[in-house]
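Written out below as structure tokens is the structure these notes cover.
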Amino acid sequence: MFHAIGDTICNQQRDKLLYYFKPQELSNTVWSFATVNVRHVSLFENVGRVIVKRGEDLIPSFKPQELANIVWAYATAEMQSHDVFRKIGDSVLTSNQLKLFNAQEVSNTVWAYANANMHHQKLFQGIGDDIVGRDGIIETFKPQELSITVWSYAKANISHPGLFTCVGNAIVGLDNLEAFKPQELVNIVWAYASLGEHHPLIYQCIGDEIMTRDLSTFNSQNLSNLVWAYASIDIKHPKLLESVSNAIVSRLDNNSLDSFGPQSISNILWAYAKANIYHPILFNRLQSTILGMKDLNDFKPQELSNLLWAFAKVNELQPDLLKKVTDEIMARNDLKSFTPQSLANISWSCAVADSDESSLFNIDYANAIVEKQNNFSDEALSQLHQWHLWQFGEKSNTGLPSIELRQRCCEIFIGSKFTSSQFQRDVVKELKLIDLDPKEEYLTNSGYRLDALVEINGRKVGIEADGPSHFIERKVNGSTALRRRQAAAIDSILIISVPYWDWEEFGNDR
């Protein structure tokens with residue numbers, strides 16, 4: 001029936017019949033087609049043509065709900081009409097209609113623009129300003145509308161700190177969050193994390209609420225996005241992450257592997273490694289899942305690099321997993337699709353694992369790094385320095401072929417900021433008391449800076465006051481393992497670690 005009606009409208013001398021439609025009738029028509037999931041391309045195109053041609057005269061006569069319904073319909077029907085979205089957005093701004101939009105109309109509008117990938121920076125800015133500046137409007141937003149609004153800004157990658165502060169304060173100020181559905185809670189923290197919006201109270205508040213919920217009501221994507229959000233913004237909520245990890249393991253044990261796609265697996269592993277949390281059962285289950293896959297074709301380049309980085313970060317990158325991932329990278333023969341950070345992560349991870357995948361690190365790999373050399377961050381350049389130390393210093397391979405790039409990586413690595421902790425100063429003080437004459441902040445030839453260097457029976461010994469950042473709980477992390485190994489192998493310096501818990505335990509009996 002809907003197709004027949006659409007054909008009838010469109011056959012009436014193209015779009016002439018539509019010129020007689022009132023604003024509400026135009027809005028209701030496309031809204032109805034989208035609601036029943038009938039994508040009548042000609043109808044949407046003809047309605048769009050009318051809106052664009054008569055925009056200046058027609059759009060101001062639309063009510064806010066009618067405008068919101070039109071863009072919602074085009075987004076829902078996946079009709080990529082840039083002119084319609086641009087015309088409506090521009091008209092809403094110039095006609096000062098925003099102040100008439102209610103909460104639902106606001107959330108539906110920003111959702112439509114975000115979901116249709118229609119970038120309209122000025123409209124989003126105007127809507128955010130209106131919400132912040134209009135007295136009492138934020139209190140009228142329902143949970144779904146609050147969630148959709150911030151999600152849409154994050155999806156469109158448009159930041160509005162004032163809006164996010166306003167929404168965050170409104171949520172934190174509620175008596176409870178019982179009315180929020182699981183996905184709404186997750187979408188809120190995902191949105192804040194995606195845009196780097198720091199509002200510690202909202203993370204704490206939502207995390208505490210989720211702790212009271214049955215995590216079986218959260219789908220796999222929810223759990224993945226949740227842990228990604230907390231790790232990405234570096235917000236500590238260990239009890240939440242522990243509960244989520246147990247829920248994921250339970251789901252895996254119940255043969256729900258198919259519900260975790262490549263992106264979810266990658267995000268989960270990355271998040272726990274980034275949060276400096278090693279959950280052995282979780283990592284082992286996901287590693288087994290990856291190894292059991294026929295291939296890794298569905299993993300995007302960044303997801304492959306994140307897999308390696310996560311396991312290397314917790315110092316658990318095993319040869320079989322490393323081989324499976326690097327074989328996939330080689331099989332694609334498309335290093336250009338990997339970002340500079342992804343290449344740096346792959347390089348660093350292999351260095352940590354100390355497994356020489358020489359077939360991967362060939363001239364093509366080296367050239368891919370050189371081609372992107374102007375796009376590496378300082379962190380990535382430091383990683384490449386450690387990879388070069390491994391390839392050239394430990395394995396006697398070529399490593400970085402460009403002298404200029406090698407020097408740049410080394411300079412960045414050596415110039416990394418460092419601070420002397422009280423723990424470190426206390427250790428040095430004890431070394432002096434036993435007449436070992438320590439050299440503080442000793443810079444090795446490879447570029448590592450040791451807390452102290454002493455000589456014992458003619459042999460150089462590095463003393464490291466290893467605080468919590470060197471461990472995951474009491475397990476040495478990948479960075480520290482690599483540091484110790486390379487200082488010994490390249491600089492011929494024996495490294496002795498003084499773990500912080502031993503220092504605290506001995507107290508005055510050192």
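Please note that chains go A, B, ... in the order of the structure tokens, that every chain numbers its residues from 1, and that ligands are numbered from 1 in the order shown.
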Residues of region 239-277 of chain A that have any atom at most 10 Å from an atom of region 189-210 of chain A: could you tabulate them with the shortest-distance atom pair and the distance in Å to one decimal, using only C-alpha atoms, ordered by chain and increasing number, as JSON lines?
{"residue": "A:Lys239", "atom": "CA", "partner": "A:Gly207", "partner_atom": "CA", "distance": 8.9}
{"residue": "A:Leu240", "atom": "CA", "partner": "A:Gly207", "partner_atom": "CA", "distance": 6.3}
{"residue": "A:Leu241", "atom": "CA", "partner": "A:Gly207", "partner_atom": "CA", "distance": 9.2}
{"residue": "A:Ser243", "atom": "CA", "partner": "A:Ile210", "partner_atom": "CA", "distance": 9.6}
{"residue": "A:Val244", "atom": "CA", "partner": "A:Ile210", "partner_atom": "CA", "distance": 9.6}
Selected residues, all heavy atoms, written as a PDB file, in the first residue's frame, please.
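File written: selection.pdb
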ATOM      1  N   LYS A 239      36.001  -1.850  40.949  1.00  0.00           N
ATOM      2  CA  LYS A 239      34.933  -2.803  41.245  1.00  0.00           C
ATOM      3  C   LYS A 239      34.038  -3.021  40.033  1.00  0.00           C
ATOM      4  O   LYS A 239      33.605  -4.138  39.756  1.00  0.00           O
ATOM      5  CB  LYS A 239      34.111  -2.317  42.441  1.00  0.00           C
ATOM      6  CG  LYS A 239      34.856  -2.360  43.763  1.00  0.00           C
ATOM      7  CD  LYS A 239      33.956  -1.930  44.925  1.00  0.00           C
ATOM      8  CE  LYS A 239      34.703  -2.018  46.259  1.00  0.00           C
ATOM      9  NZ  LYS A 239      33.844  -1.588  47.387  1.00  0.00           N
ATOM     10  N   LEU A 240      33.771  -1.935  39.296  1.00  0.00           N
ATOM     11  CA  LEU A 240      32.949  -2.046  38.090  1.00  0.00           C
ATOM     12  C   LEU A 240      33.658  -2.898  37.045  1.00  0.00           C
ATOM     13  O   LEU A 240      33.071  -3.814  36.461  1.00  0.00           O
ATOM     14  CB  LEU A 240      32.650  -0.661  37.525  1.00  0.00           C
ATOM     15  CG  LEU A 240      31.937  -0.643  36.170  1.00  0.00           C
ATOM     16  CD1 LEU A 240      30.540  -1.242  36.290  1.00  0.00           C
ATOM     17  CD2 LEU A 240      31.861   0.779  35.619  1.00  0.00           C
ATOM     18  N   LEU A 241      34.945  -2.613  36.806  1.00  0.00           N
ATOM     19  CA  LEU A 241      35.687  -3.357  35.794  1.00  0.00           C
ATOM     20  C   LEU A 241      35.830  -4.826  36.176  1.00  0.00           C
ATOM     21  O   LEU A 241      35.819  -5.703  35.312  1.00  0.00           O
ATOM     22  CB  LEU A 241      37.059  -2.719  35.574  1.00  0.00           C
ATOM     23  CG  LEU A 241      37.041  -1.313  34.946  1.00  0.00           C
ATOM     24  CD1 LEU A 241      38.468  -0.814  34.738  1.00  0.00           C
ATOM     25  CD2 LEU A 241      36.284  -1.310  33.634  1.00  0.00           C
ATOM     26  N   SER A 243      33.604  -6.541  37.962  1.00  0.00           N
ATOM     27  CA  SER A 243      32.284  -7.149  37.740  1.00  0.00           C
ATOM     28  C   SER A 243      32.039  -7.401  36.258  1.00  0.00           C
ATOM     29  O   SER A 243      31.507  -8.449  35.873  1.00  0.00           O
ATOM     30  CB  SER A 243      31.183  -6.239  38.298  1.00  0.00           C
ATOM     31  OG  SER A 243      31.274  -6.131  39.697  1.00  0.00           O
ATOM     32  N   VAL A 244      32.422  -6.441  35.422  1.00  0.00           N
ATOM     33  CA  VAL A 244      32.211  -6.588  33.981  1.00  0.00           C
ATOM     34  C   VAL A 244      33.075  -7.720  33.432  1.00  0.00           C
ATOM     35  O   VAL A 244      32.620  -8.515  32.602  1.00  0.00           O
ATOM     36  CB  VAL A 244      32.511  -5.269  33.247  1.00  0.00           C
ATOM     37  CG1 VAL A 244      32.462  -5.471  31.730  1.00  0.00           C
ATOM     38  CG2 VAL A 244      31.512  -4.189  33.649  1.00  0.00           C
TER      39      VAL A 244
END
Go through region 251-357 of chain A residue by residue and, counting only C-alpha atoms, keep those with an atom at most 9 Å from region 365-373 of chain A; for each kept residue give the shortest atom pair and its distance in Å to one decimal, ordered by chain and increasing number, as a Markdown table.
| residue | atom | partner | partner_atom | distance |
| --- | --- | --- | --- | --- |
| A:Leu335 | CA | A:Ala368 | CA | 6.5 |
| A:Lys336 | CA | A:Ala368 | CA | 6.8 |
| A:Thr339 | CA | A:Lys372 | CA | 8.4 |
| A:Pro340 | CA | A:Lys372 | CA | 6.2 |
| A:Leu343 | CA | A:Ile369 | CA | 7.3 |
| A:Ala344 | CA | A:Ile369 | CA | 8.4 |
Generate the output file for the selected residues, N, CA and C atoms, as a tab-separated table (two decimals), in the first residue's frame.
chain	number	residue	atom	x	y	z
A	335	LEU	N	50.19	-2.37	4.26
A	335	LEU	CA	50.64	-1.65	5.45
A	335	LEU	C	50.18	-0.20	5.45
A	336	LYS	N	49.82	0.32	4.29
A	336	LYS	CA	49.35	1.71	4.22
A	336	LYS	C	48.04	1.91	4.98
A	339	THR	N	47.60	2.89	10.67
A	339	THR	CA	47.98	4.24	11.08
A	339	THR	C	49.39	4.22	11.66
A	340	PRO	N	50.03	5.38	11.76
A	340	PRO	CA	51.35	5.43	12.41
A	340	PRO	C	51.34	4.82	13.81
A	343	LEU	N	51.25	0.99	13.61
A	343	LEU	CA	52.55	0.42	13.27
A	343	LEU	C	53.50	0.46	14.48
A	344	ALA	N	53.45	1.56	15.21
A	344	ALA	CA	54.29	1.68	16.40
A	344	ALA	C	53.90	0.64	17.45
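Near Ser220 (chain A), within 9 Å and counting only C-alpha atoms, sit Asn225, Ile248, Arg251, Ser259, Phe260, Gly261 and Ser264 of chain A; same-chain residues fewer than 5 positions away were not included.
Here CA of Asn362 (chain A) and CA of Leu384 (chain A) stand 15.0 Å from one another.
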- Message: Residues within 8 Å of Ser61 (chain A), please, as a VMD selection string. Count only C-alpha atoms; anything in the same chain fewer than 3 positions from it doesn't count.
- Response: chain A and resid 23 57 to 58
query: Which residues, written as a PyMOL selection string, have at least one atom at most 9 Å from His279 (chain A), with only C-alpha atoms counted and residues fewer than 3 positions away on the same chain left out?
result: chain A and resi 242+245+272+282-284
_Residues near Pro64 (chain A), anyone? I mean within 12 Å using only C-alpha atoms, not counting same-chain ones fewer than 2 positions away, as a VMD selection string._
chain A and resid 23 to 24 27 59 to 62 66 to 71 88 to 89 91 to 92 95 to 109
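In this structure, CA of Gln302 (chain A) sits 20.3 Å away from CA of Ser479 (chain A).
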